[in-house]
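Written out below as structure tokens is the structure these notes cover.
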Amino acid sequence: MEWQVPLADLDYDEREEQAVLSVIRNRWLTMGAVTQEFEIAFANYTGVKHALAVSNATVALHLACLSLGIGPGDEVLVPSLTFVATANAVLYTGARVRFADIIGSDTLTISPEEIERLITPNTKAVLVMHYGGYPCRMPEILDIADRHGLAVIEDAAHAPGASLDGKALGTWGDIGCFSFFSNKNLSTGEGGMVVTNHDDLAEKIRLIRSHGMTSLTWDRHHGHAYSYDVVELGYNYRIDEIRSALGMVQLQKLTKNNERRKAITQSYWSAFEGKGFGLPFSKSNGIPSYHIFPLILPEGLDRKQFIDRMRAAGVQTSIHYPPVHLFQYYRKHYPDVSLPITENVASREVTLPLYPGMSEEKIDKVLESVMESARE
Ligand SMILES: Cc1ncc(COP(=O)(O)O)c(C=O)c1O
């Protein structure tokens with residue numbers, strides 16, 4: 001179907017085309033100089049010591065858990081109002097998740113009180129998710145983690161360019177994980193980044209990213225190493241040069257594009273104010289990345305009918321998120337989870353189109369369609 005207003009759209013032009021061409025012409029495709037350049041640029045942009053580029057954010061989260069030694073017998077506290085990858089990454093290690101509720105319908109991030117309530121002697125870490133690129137309550141969460149000796153991982157898939165109190169999201173806890181999937185603020189198709197200020201964790205992640213090998217093909221090609229040893233059980237979670245080249249160009253566009261996302265978000269907030277909708281994060285702290293626009297429908301409004309009407313008007317919408325604990329697989333393994341706020345908000349949430357290239361006409365089209373579709 002051809003949408004009049006799609007949910008998301010890339011900001012790609014000749015600069016991305018040139019960057020890809022240049023990689024192809026230089027005849028080195030696997031992880032090498034361009035990836036190193038991308039990692040340094042991303043680390044500088046985020047103000048962090050180490051940035052390691054990887055295949056996607058799901059593996060970034062897996063690496064984060066592995067490097068912290070999370071495994072069978074451990075528990076990790078996670079939100080359920082997130083993409084399933086957040087919880088899956090914990091399960092890959094053999095650890096179990098404990099699902100925490102969100103703060104409320106205005107703030108869709110993990111509740112610090114819930115974190116404190118769910119801690120057991122087996123709890124090893126808290127994995128928070130900056131929903132839509134809006135900051136979780138990091139000072140409170142770090143305080144709880146400190147008091148209980150827990151590691152903190154940030155799923156910052158939505159949050160490149162976002163910060164709180166002048167500190168980038170993804171750099172508050174021990175490890176931060178970013179996604180460069182097609183619909184993200186910084187897009188390379190597939191791709192991700194792990195960031196940390198801990199030298200030991202960075203070293204471990206570097207090893208596990210590439211089979212636990214002590215040298216890369218790139219090093220050997222350049223005569224820096226003759227052979228290699230394998231010192232950890234690792235994976236192939238590498239990125240490639242084409243994606244890193246795309247990432248370099250997209251990083252240069254990020255600040256401006258996040259500004260444009262902010263302007264569109266503010267247009268939505270002011271148009272919907274006082275119209276009966278819930279507008280999460282409209283009083284948020286910090287500098288968000290405005291990754292998505294969640295609208296909470298009034299109680300009693302039929303969401304399916306609303307979405308069908310939006311579709312008939314040519315406006316694409318989505319849902320962020322069907323709660324993870326309600327998926328069949330998770331219900332089977334975690335049958336007794338009940339999260340009243342998450343369940344209520346998730347049943348009323350609709351995500352509206354938001355991307356930097358959105359014209360004023362398209363914004364108006366969304367505003368009109370929402371008001372029409374919400375009529376009795
Ligand atoms: C909150 C969140 N976490 C993790 C991921 C996984 O990212 P990736 O697709 O790069 O593996 C996503 C991607 O959609 C996400 O939205």
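Naming works like this for the structure tokens: A, B, ... for the chains as they're shown, residue 1 at the start of each chain, ligands 1 onward in shown order.
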Fill in: Backbone DSSP call of helix (DSSP H, G or I) for stretch 90-218 of chain A, listed as a PyMOL selection string
chain A and resi 90-92+112-118+131-133+138-148+199-209+217-218
Item to complete: Could I get the residue neighbourhood of ligand 1 at 9 Å, counting only C-alpha atoms and all ligand atoms, as an MDAnalysis selection string?
Response: chainID A and resid 55:61 81:87 89 129:132 155:158 177:184 189:193 320
Contacts of A:Ile119 at 12 Å (only C-alpha atoms; same-chain gap of 2+ positions) as a PDB file with N, CA, C and O atoms, in the first residue's frame:
ATOM      1  N   ASP A  74      21.135 -16.149  37.245  1.00  0.00           N
ATOM      2  CA  ASP A  74      21.012 -14.700  37.474  1.00  0.00           C
ATOM      3  C   ASP A  74      19.651 -14.183  37.009  1.00  0.00           C
ATOM      4  O   ASP A  74      19.005 -14.795  36.149  1.00  0.00           O
ATOM      5  N   GLU A  75      19.274 -13.051  37.584  1.00  0.00           N
ATOM      6  CA  GLU A  75      18.052 -12.356  37.143  1.00  0.00           C
ATOM      7  C   GLU A  75      18.416 -10.947  36.703  1.00  0.00           C
ATOM      8  O   GLU A  75      19.274 -10.307  37.310  1.00  0.00           O
ATOM      9  N   VAL A  76      17.735 -10.495  35.646  1.00  0.00           N
ATOM     10  CA  VAL A  76      17.922  -9.126  35.161  1.00  0.00           C
ATOM     11  C   VAL A  76      16.547  -8.466  35.113  1.00  0.00           C
ATOM     12  O   VAL A  76      15.592  -9.041  34.572  1.00  0.00           O
ATOM     13  N   LEU A  77      16.441  -7.273  35.698  1.00  0.00           N
ATOM     14  CA  LEU A  77      15.170  -6.546  35.697  1.00  0.00           C
ATOM     15  C   LEU A  77      15.040  -5.779  34.385  1.00  0.00           C
ATOM     16  O   LEU A  77      15.968  -5.067  33.986  1.00  0.00           O
ATOM     17  N   VAL A  78      13.898  -5.951  33.718  1.00  0.00           N
ATOM     18  CA  VAL A  78      13.674  -5.301  32.413  1.00  0.00           C
ATOM     19  C   VAL A  78      12.254  -4.735  32.363  1.00  0.00           C
ATOM     20  O   VAL A  78      11.363  -5.236  33.050  1.00  0.00           O
ATOM     21  N   VAL A  97      14.616 -13.091  33.167  1.00  0.00           N
ATOM     22  CA  VAL A  97      14.228 -11.686  33.323  1.00  0.00           C
ATOM     23  C   VAL A  97      13.175 -11.581  34.415  1.00  0.00           C
ATOM     24  O   VAL A  97      12.471 -12.555  34.712  1.00  0.00           O
ATOM     25  N   ARG A  98      13.096 -10.404  35.037  1.00  0.00           N
ATOM     26  CA  ARG A  98      11.943 -10.072  35.882  1.00  0.00           C
ATOM     27  C   ARG A  98      11.388  -8.777  35.303  1.00  0.00           C
ATOM     28  O   ARG A  98      12.111  -7.778  35.159  1.00  0.00           O
ATOM     29  N   PHE A  99      10.099  -8.807  34.944  1.00  0.00           N
ATOM     30  CA  PHE A  99       9.493  -7.662  34.277  1.00  0.00           C
ATOM     31  C   PHE A  99       9.015  -6.623  35.284  1.00  0.00           C
ATOM     32  O   PHE A  99       8.289  -6.950  36.225  1.00  0.00           O
ATOM     33  N   ALA A 100       9.411  -5.379  35.044  1.00  0.00           N
ATOM     34  CA  ALA A 100       9.006  -4.273  35.919  1.00  0.00           C
ATOM     35  C   ALA A 100       8.012  -3.388  35.188  1.00  0.00           C
ATOM     36  O   ALA A 100       8.103  -3.201  33.963  1.00  0.00           O
ATOM     37  N   PRO A 112      11.426   3.236  38.983  1.00  0.00           N
ATOM     38  CA  PRO A 112      12.457   2.951  39.993  1.00  0.00           C
ATOM     39  C   PRO A 112      11.890   2.205  41.199  1.00  0.00           C
ATOM     40  O   PRO A 112      12.557   1.298  41.731  1.00  0.00           O
ATOM     41  N   GLU A 113      10.655   2.518  41.614  1.00  0.00           N
ATOM     42  CA  GLU A 113      10.061   1.805  42.770  1.00  0.00           C
ATOM     43  C   GLU A 113       9.900   0.326  42.455  1.00  0.00           C
ATOM     44  O   GLU A 113      10.128  -0.539  43.306  1.00  0.00           O
ATOM     45  N   GLU A 114       9.478   0.048  41.214  1.00  0.00           N
ATOM     46  CA  GLU A 114       9.318  -1.347  40.795  1.00  0.00           C
ATOM     47  C   GLU A 114      10.654  -2.068  40.814  1.00  0.00           C
ATOM     48  O   GLU A 114      10.742  -3.226  41.227  1.00  0.00           O
ATOM     49  N   ILE A 115      11.696  -1.398  40.376  1.00  0.00           N
ATOM     50  CA  ILE A 115      13.036  -2.005  40.355  1.00  0.00           C
ATOM     51  C   ILE A 115      13.380  -2.430  41.778  1.00  0.00           C
ATOM     52  O   ILE A 115      13.749  -3.583  42.028  1.00  0.00           O
ATOM     53  N   GLU A 116      13.206  -1.498  42.706  1.00  0.00           N
ATOM     54  CA  GLU A 116      13.571  -1.767  44.100  1.00  0.00           C
ATOM     55  C   GLU A 116      12.760  -2.953  44.652  1.00  0.00           C
ATOM     56  O   GLU A 116      13.276  -3.810  45.341  1.00  0.00           O
ATOM     57  N   ARG A 117      11.464  -2.997  44.302  1.00  0.00           N
ATOM     58  CA  ARG A 117      10.566  -4.041  44.805  1.00  0.00           C
ATOM     59  C   ARG A 117      10.938  -5.432  44.285  1.00  0.00           C
ATOM     60  O   ARG A 117      10.732  -6.440  44.952  1.00  0.00           O
ATOM     61  N   PRO A 121      18.096 -11.796  45.872  1.00  0.00           N
ATOM     62  CA  PRO A 121      19.542 -12.084  45.964  1.00  0.00           C
ATOM     63  C   PRO A 121      20.147 -12.505  44.616  1.00  0.00           C
ATOM     64  O   PRO A 121      21.355 -12.443  44.431  1.00  0.00           O
ATOM     65  N   ASN A 122      19.300 -12.948  43.669  1.00  0.00           N
ATOM     66  CA  ASN A 122      19.825 -13.387  42.363  1.00  0.00           C
ATOM     67  C   ASN A 122      19.927 -12.255  41.342  1.00  0.00           C
ATOM     68  O   ASN A 122      20.412 -12.472  40.225  1.00  0.00           O
ATOM     69  N   THR A 123      19.421 -11.080  41.706  1.00  0.00           N
ATOM     70  CA  THR A 123      19.420  -9.986  40.723  1.00  0.00           C
ATOM     71  C   THR A 123      20.844  -9.515  40.466  1.00  0.00           C
ATOM     72  O   THR A 123      21.577  -9.200  41.402  1.00  0.00           O
ATOM     73  N   LYS A 124      21.184  -9.489  39.181  1.00  0.00           N
ATOM     74  CA  LYS A 124      22.556  -9.117  38.823  1.00  0.00           C
ATOM     75  C   LYS A 124      22.608  -7.744  38.146  1.00  0.00           C
ATOM     76  O   LYS A 124      23.604  -7.035  38.249  1.00  0.00           O
ATOM     77  N   ALA A 125      21.538  -7.407  37.423  1.00  0.00           N
ATOM     78  CA  ALA A 125      21.582  -6.160  36.648  1.00  0.00           C
ATOM     79  C   ALA A 125      20.181  -5.618  36.405  1.00  0.00           C
ATOM     80  O   ALA A 125      19.193  -6.347  36.518  1.00  0.00           O
ATOM     81  N   VAL A 126      20.158  -4.330  36.061  1.00  0.00           N
ATOM     82  CA  VAL A 126      18.937  -3.682  35.592  1.00  0.00           C
ATOM     83  C   VAL A 126      19.191  -3.281  34.153  1.00  0.00           C
ATOM     84  O   VAL A 126      20.230  -2.694  33.852  1.00  0.00           O
ATOM     85  N   ILE A 144      19.761   3.191  43.207  1.00  0.00           N
ATOM     86  CA  ILE A 144      19.277   1.859  43.626  1.00  0.00           C
ATOM     87  C   ILE A 144      20.326   0.797  43.270  1.00  0.00           C
ATOM     88  O   ILE A 144      20.655  -0.067  44.078  1.00  0.00           O
ATOM     89  N   ALA A 145      20.844   0.889  42.038  1.00  0.00           N
ATOM     90  CA  ALA A 145      21.828  -0.102  41.583  1.00  0.00           C
ATOM     91  C   ALA A 145      23.063  -0.080  42.481  1.00  0.00           C
ATOM     92  O   ALA A 145      23.588  -1.137  42.856  1.00  0.00           O
ATOM     93  N   ARG A 147      23.250   0.891  45.640  1.00  0.00           N
ATOM     94  CA  ARG A 147      22.921   0.363  46.978  1.00  0.00           C
ATOM     95  C   ARG A 147      22.841  -1.158  46.983  1.00  0.00           C
ATOM     96  O   ARG A 147      23.103  -1.792  47.991  1.00  0.00           O
ATOM     97  N   HIS A 148      22.449  -1.747  45.842  1.00  0.00           N
ATOM     98  CA  HIS A 148      22.255  -3.209  45.804  1.00  0.00           C
ATOM     99  C   HIS A 148      23.361  -3.922  45.020  1.00  0.00           C
ATOM    100  O   HIS A 148      23.248  -5.123  44.760  1.00  0.00           O
ATOM    101  N   GLY A 149      24.362  -3.186  44.585  1.00  0.00           N
ATOM    102  CA  GLY A 149      25.481  -3.804  43.854  1.00  0.00           C
ATOM    103  C   GLY A 149      25.071  -4.389  42.510  1.00  0.00           C
ATOM    104  O   GLY A 149      25.527  -5.465  42.124  1.00  0.00           O
ATOM    105  N   LEU A 150      24.200  -3.684  41.790  1.00  0.00           N
ATOM    106  CA  LEU A 150      23.734  -4.189  40.486  1.00  0.00           C
ATOM    107  C   LEU A 150      24.411  -3.435  39.338  1.00  0.00           C
ATOM    108  O   LEU A 150      24.698  -2.240  39.458  1.00  0.00           O
TER     109      LEU A 150
END
Item to complete: Quick one: pick out all strand (DSSP E) residues within stretch 100-255 of chain A from a backbone DSSP run and write them as a PyMOL selection string.
Response: chain A and resi 100+123-129+151-155+163-164+167-168+175-179+192-196
Worksheet entry | Within 10 Å of A:Ser338 using only C-alpha atoms, minus same-chain residues under 3 positions, as a list in words | Phe99, Ala100, Asp101, His325, Leu326, Tyr334, Pro335, Ile341, Thr342 and Glu343 of chain A
Item to complete: Determine the nearest neighbour of A:Gly276 from the options A:Val23, A:Ala225, A:Leu352, A:Ile296, counting only C-alpha atoms.
Response: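 Counting only C-alpha atoms, the residue closest to A:Gly276 is A:Ile296.
The space separating atom CA of A:Leu207 from atom CA of A:Ala33 comes to 17.7 Å.
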Worksheet item: What's the 8 Å shell around A:Thr255, counting only C-alpha atoms, without same-chain residues fewer than 4 positions away, as a ChimeraX atom specification?
Response: /A:161,251,259
Worksheet entry | Å distance separating atom CA of A:Ser163 from atom CA of A:Asn185, one decimal place |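 Distance reported for this atom pair: 14.3 Å.
Rounded to one decimal, atom CA of A:Leu367 and atom CA of A:Ala313 lie 11.4 Å from each other.
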Fill in: Option closest in space to A:Pro160, from A:His291, A:Lys256, A:His198, A:Arg348 [counting only C-alpha atoms]
A:His291
